[in-house]
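Colleague: Okay, so here is data-v1.cif, and as you'll see once you scroll down, it has mmCIF, C-alpha atoms and all ligand atoms.
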data_final
loop_
_atom_site.label_atom_id
_atom_site.label_comp_id
_atom_site.auth_asym_id
_atom_site.auth_seq_id
_atom_site.Cartn_x
_atom_site.Cartn_y
_atom_site.Cartn_z
CA MET A 1 3.77 37.07 64.59
CA ALA A 2 3.76 39.97 67.02
CA LYS A 3 0.87 39.87 69.44
CA ALA A 4 -1.73 42.45 68.49
CA TRP A 5 -3.02 44.68 71.25
CA ILE A 6 -6.56 43.71 70.35
CA PRO A 7 -7.00 40.01 69.73
CA PHE A 8 -8.07 39.16 66.22
CA LEU A 9 -8.22 35.42 66.85
CA GLU A 10 -7.09 34.15 63.49
CA GLY A 11 -9.81 35.84 61.55
CA ARG A 12 -12.66 34.92 63.87
CA TYR A 13 -12.97 38.11 65.85
CA SER A 14 -12.53 41.78 65.22
CA PRO A 15 -13.67 44.59 67.48
CA THR A 16 -14.98 46.31 64.35
CA LEU A 17 -17.69 43.64 64.18
CA ASP A 18 -18.35 43.47 67.90
CA MET A 19 -21.53 45.14 69.11
CA TRP A 20 -20.08 46.48 72.31
CA PRO A 21 -16.38 45.79 72.33
CA ILE A 22 -15.44 47.12 75.75
CA GLU A 23 -14.59 44.07 77.73
CA ALA A 24 -14.70 44.92 81.40
CA LYS A 25 -17.90 44.66 83.39
CA GLU A 26 -17.21 48.10 84.81
CA PHE A 27 -17.49 49.69 81.35
CA ASN A 28 -20.21 47.64 79.80
CA ARG A 29 -23.80 47.54 80.97
CA ILE A 30 -24.74 44.70 78.68
CA TYR A 31 -21.93 42.55 80.05
CA LYS A 32 -24.55 39.97 81.01
CA PHE A 33 -24.88 39.20 77.30
CA TYR A 34 -21.32 37.84 77.39
CA GLU A 35 -21.83 36.00 80.66
CA ASN A 36 -24.90 34.34 79.15
CA LEU A 37 -22.91 33.45 76.03
CA ARG A 38 -20.30 31.83 78.24
CA GLU A 39 -23.07 29.62 79.61
CA GLY A 40 -24.09 28.77 76.06
CA LYS A 41 -27.14 31.06 76.04
CA PHE A 42 -27.89 33.52 73.25
CA THR A 43 -29.80 36.37 74.84
CA THR A 44 -31.09 39.87 74.41
CA THR A 45 -33.12 42.40 76.38
CA LYS A 46 -36.87 42.77 76.76
CA CYS A 47 -38.53 45.84 78.28
CA LYS A 48 -40.49 45.08 81.44
CA GLN A 49 -42.66 48.16 80.86
CA CYS A 50 -43.79 47.85 77.24
CA GLY A 51 -42.55 44.40 76.23
CA ARG A 52 -40.35 45.59 73.36
CA VAL A 53 -37.61 43.11 72.55
CA ALA A 54 -34.49 44.73 71.14
CA TYR A 55 -31.50 43.16 69.46
CA PRO A 56 -28.62 43.86 70.00
CA PRO A 57 -29.32 44.11 73.74
CA ARG A 58 -29.88 47.59 75.16
CA VAL A 59 -29.62 49.38 78.45
CA ILE A 60 -32.63 51.59 77.67
CA CYS A 61 -35.78 50.55 75.82
CA PRO A 62 -35.80 52.12 72.32
CA GLU A 63 -39.62 52.31 72.50
CA CYS A 64 -40.47 53.80 75.89
CA TYR A 65 -37.02 54.71 77.31
CA SER A 66 -37.49 52.60 80.42
CA ASP A 67 -34.34 51.09 81.86
CA GLU A 68 -36.20 48.20 83.44
CA LEU A 69 -35.12 45.46 81.09
CA GLU A 70 -34.90 41.73 81.50
CA TRP A 71 -32.82 39.11 79.69
CA ILE A 72 -34.56 36.62 77.44
CA GLU A 73 -33.18 33.74 75.42
CA LEU A 74 -33.10 33.56 71.65
CA PRO A 75 -32.87 30.43 69.51
CA LYS A 76 -29.34 29.20 68.86
CA LYS A 77 -30.27 27.77 65.49
CA GLY A 78 -31.76 29.40 62.45
CA LYS A 79 -31.73 29.41 58.68
CA ALA A 80 -29.56 31.54 56.45
CA ALA A 81 -31.98 33.87 54.67
CA VAL A 82 -29.39 35.99 52.85
CA VAL A 83 -25.69 35.21 52.54
CA VAL A 84 -23.13 37.88 51.68
CA GLU A 85 -19.52 37.07 50.87
CA LYS A 86 -17.35 40.18 50.94
CA TRP A 87 -14.23 39.81 48.88
CA GLY A 88 -13.25 43.48 48.94
CA GLY A 89 -13.07 46.06 51.69
CA VAL A 90 -13.02 43.58 54.55
CA PRO A 91 -11.92 44.91 57.94
CA ILE A 92 -8.25 44.85 58.80
CA CYS A 93 -6.98 41.42 59.93
CA TYR A 94 -9.43 39.36 57.90
CA GLU A 95 -8.62 37.25 54.93
CA PRO A 96 -11.39 37.65 52.39
CA PRO A 97 -14.04 36.51 51.95
CA LEU A 98 -15.79 37.75 55.05
CA ILE A 99 -19.08 35.90 55.17
CA ASP A 100 -22.13 37.39 56.83
CA ALA A 101 -25.61 35.95 56.97
CA TRP A 102 -29.01 37.43 57.64
CA ILE A 103 -30.39 34.65 59.78
CA ASP A 104 -34.04 33.76 60.17
CA LEU A 105 -34.55 32.61 63.77
CA GLY A 106 -38.07 31.38 63.09
CA GLU A 107 -41.63 32.50 63.70
CA ASP A 108 -41.57 31.67 67.41
CA SER A 109 -38.47 33.72 68.16
CA PRO A 110 -38.95 37.12 69.82
CA VAL A 111 -36.36 38.44 67.35
CA LYS A 112 -37.13 37.15 63.86
CA HIS A 113 -33.83 37.96 62.15
CA ILE A 114 -30.29 38.78 63.12
CA LEU A 115 -27.15 39.56 61.17
CA SER A 116 -24.11 37.49 62.07
CA ARG A 117 -20.66 36.71 60.90
CA MET A 118 -20.27 33.14 59.69
CA ILE A 119 -17.24 31.04 60.63
CA ASN A 120 -16.24 27.45 59.87
CA CYS A 121 -17.85 28.16 56.54
CA PRO A 122 -15.86 27.67 53.31
CA PRO A 123 -16.62 30.22 50.57
CA GLU A 124 -19.52 29.53 48.23
CA THR A 125 -20.88 26.65 50.30
CA LEU A 126 -23.57 28.31 52.42
CA LYS A 127 -26.86 28.66 50.59
CA GLU A 128 -30.08 30.39 51.44
CA GLY A 129 -32.23 28.09 53.55
CA ASP A 130 -29.30 26.21 55.09
CA GLU A 131 -29.38 25.61 58.82
CA VAL A 132 -26.88 27.56 60.95
CA GLN A 133 -26.04 27.51 64.63
CA LEU A 134 -24.41 29.68 67.30
CA VAL A 135 -20.71 29.24 68.08
CA VAL A 136 -19.15 30.82 71.17
CA PHE A 137 -15.41 31.36 71.51
CA ASP A 138 -13.03 33.01 73.96
CA VAL A 139 -11.72 36.51 73.42
CA PRO A 140 -8.40 36.68 75.27
CA ALA A 141 -8.00 39.61 77.60
CA HIS A 142 -5.90 42.63 76.85
CA PRO A 143 -5.03 45.24 79.47
CA ILE A 144 -7.70 47.82 80.30
CA GLU A 145 -7.19 50.90 82.43
CA LEU A 146 -9.62 50.97 85.35
CA LYS A 147 -9.24 53.88 87.74
CA LYS A 148 -5.57 53.59 88.66
CA GLU A 149 -5.28 49.91 88.01
CA THR A 150 -4.68 47.89 84.91
CA ILE A 151 -7.01 44.94 84.71
CA THR A 152 -7.54 42.16 82.24
CA ALA A 153 -11.07 41.07 81.53
CA GLU A 154 -11.55 37.89 79.60
CA ARG A 155 -14.63 37.58 77.52
CA VAL A 156 -16.35 35.47 74.92
CA PHE A 157 -17.88 36.40 71.60
CA PHE A 158 -20.03 34.61 69.06
CA ALA A 159 -20.57 33.90 65.42
CA PHE A 160 -22.71 31.39 63.55
CA GLU A 161 -21.59 28.35 61.59
CA PRO A 162 -23.29 25.98 59.19
CA VAL A 163 -24.92 22.93 60.80
CA LYS A 164 -23.11 19.90 59.44
CA LYS A 165 -25.29 17.90 57.11
ZN ZN B 1 -40.26 49.76 76.72
#
Just give me the structure as structure tokens.

Modeller:
Amino acid sequence: MAKAWIPFLEGRYSPTLDMWPIEAKEFNRIYKFYENLREGKFTTTKCKQCGRVAYPPRVICPECYSDELEWIELPKKGKAAVVVEKWGGVPICYEPPLIDAWIDLGEDSPVKHILSRMINCPPETLKEGDEVQLVVFDVPAHPIELKKETITAERVFFAFEPVKK
């Protein structure tokens, strides 16, 4: 198969589902999110002024507009609260079904729920209440124009998967 300009990673990754798909540090002020992922940490931003925790991570607080934010860790395990299997209208490059879950990260988490794509998850197997965990994988670099140079910036991205019973 011809190599796509944007890596689709055999159905695991699509820029259409990426929060901030620009890969180079120079273009992406939440790049630290990806560096943290690479270290196995699932993180987001918390405002140092008002304490508001936002997910996805931000560069400016949605509450008080401060740009003094810090990185905090989120749980890497949660429970599927709602599971959606999309059989129609899935983004280009995916084989249906595309499975998304609304994940409950628990009462103690600064972010109670997140929406994530599910991988390693056969159709019609994930049920509400099942335990799920973070998976991090590489996103191979593609060329990016930076000033007069062409650079390649490798990155990682994430999804969730069912915890094996
Ligand atoms: Zn704030």

Colleague: In terms of the shortest atom-to-atom distance over all atoms listed in the file, which of A:Lys79, A:Pro162, A:Phe157, A:Ile103 is closest to Cys121 in chain A?

Modeller: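 Among the listed residues, A:Pro162 lies closest to Cys121 in chain A.
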
Colleague: Let me make sure I understand: among A:Lys127, A:Lys77, A:His142, A:Lys86, which one has the smallest atom-to-atom distance to Glu154 in chain A if we use all atoms listed in the file?

Modeller: A:His142

Colleague: Residues up to 6 Å from ligand ZN 1 (chain B), counting all atoms listed in the file: could you list those as number ranges by chain?

Modeller: A: 47, 49-52, 61, 63-66

Colleague: Keeping C-alpha atoms, export the residues of the selection given above as a tab-separated table (two decimals), in the frame of the given file.

Modeller:
chain	number	residue	atom	x	y	z
A	47	CYS	CA	-38.53	45.84	78.28
A	49	GLN	CA	-42.66	48.16	80.86
A	50	CYS	CA	-43.79	47.85	77.24
A	51	GLY	CA	-42.55	44.40	76.23
A	52	ARG	CA	-40.35	45.59	73.36
A	61	CYS	CA	-35.78	50.55	75.82
A	63	GLU	CA	-39.62	52.31	72.50
A	64	CYS	CA	-40.47	53.80	75.89
A	65	TYR	CA	-37.02	54.71	77.31
A	66	SER	CA	-37.49	52.60	80.42

Colleague: With distances taken over all atoms listed in the file, which residue among A:Leu146, A:Lys46, A:Lys76, A:Tyr13 lies nearest Glu95 in chain A?

Modeller: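 Of A:Leu146, A:Lys46, A:Lys76, A:Tyr13, the one nearest Glu95 in chain A is A:Tyr13, counting all atoms listed in the file.
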
Colleague: Kindly give the distance, in Å, that separates CA of Val53 in chain A and CA of Ala153 in chain A, rounded to a single decimal.

Modeller: 28.1 Å

Colleague: Using all atoms listed in the file, which of the listed residues (A:Gly89, A:Tyr94, A:Leu105, A:Lys32) sits closest to Glu70 in chain A?

Modeller: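 Looking at the shortest contact to Glu70 in chain A, the residue is A:Lys32.
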
Colleague: Would you mind listing what lies within 12 Å of Thr125 in chain A as an MDAnalysis selection string, with all atoms listed in the file counted and same-chain residues fewer than 4 positions away left out?

Modeller: chainID A and resid 80 83:85 99 118:121 129:130 161:165

Colleague: Have a look at A:Pro91, A:Pro97, A:Pro57, A:Pro143 and name the one nearest to Trp71 in chain A; count all atoms listed in the file.

Modeller: A:Pro57

Colleague: Counting all atoms listed in the file, figure out which residue out of A:Cys93, A:Glu128, A:Phe27, A:Arg155 gets nearest to Ala141 in chain A.

Modeller: A:Arg155

Colleague: Any idea what the distance is between CA of Glu124 in chain A and CA of Leu74 in chain A?

Modeller: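 Straight-line distance from CA of Glu124 in chain A to CA of Leu74 in chain A works out to 27.4 Å.
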
Colleague: Show me, as a ChimeraX atom specification, the residues that have an atom within 12 Å of Thr43 in chain A when counting only C-alpha atoms, minus same-chain residues fewer than 5 positions from it.

Modeller: /A:30-38,53-58,70-76,109-111,114,134,158

Colleague: So how far away is CA of Glu39 in chain A from CA of Ser116 in chain A, in Å?

Modeller: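 The value is 19.3 Å.
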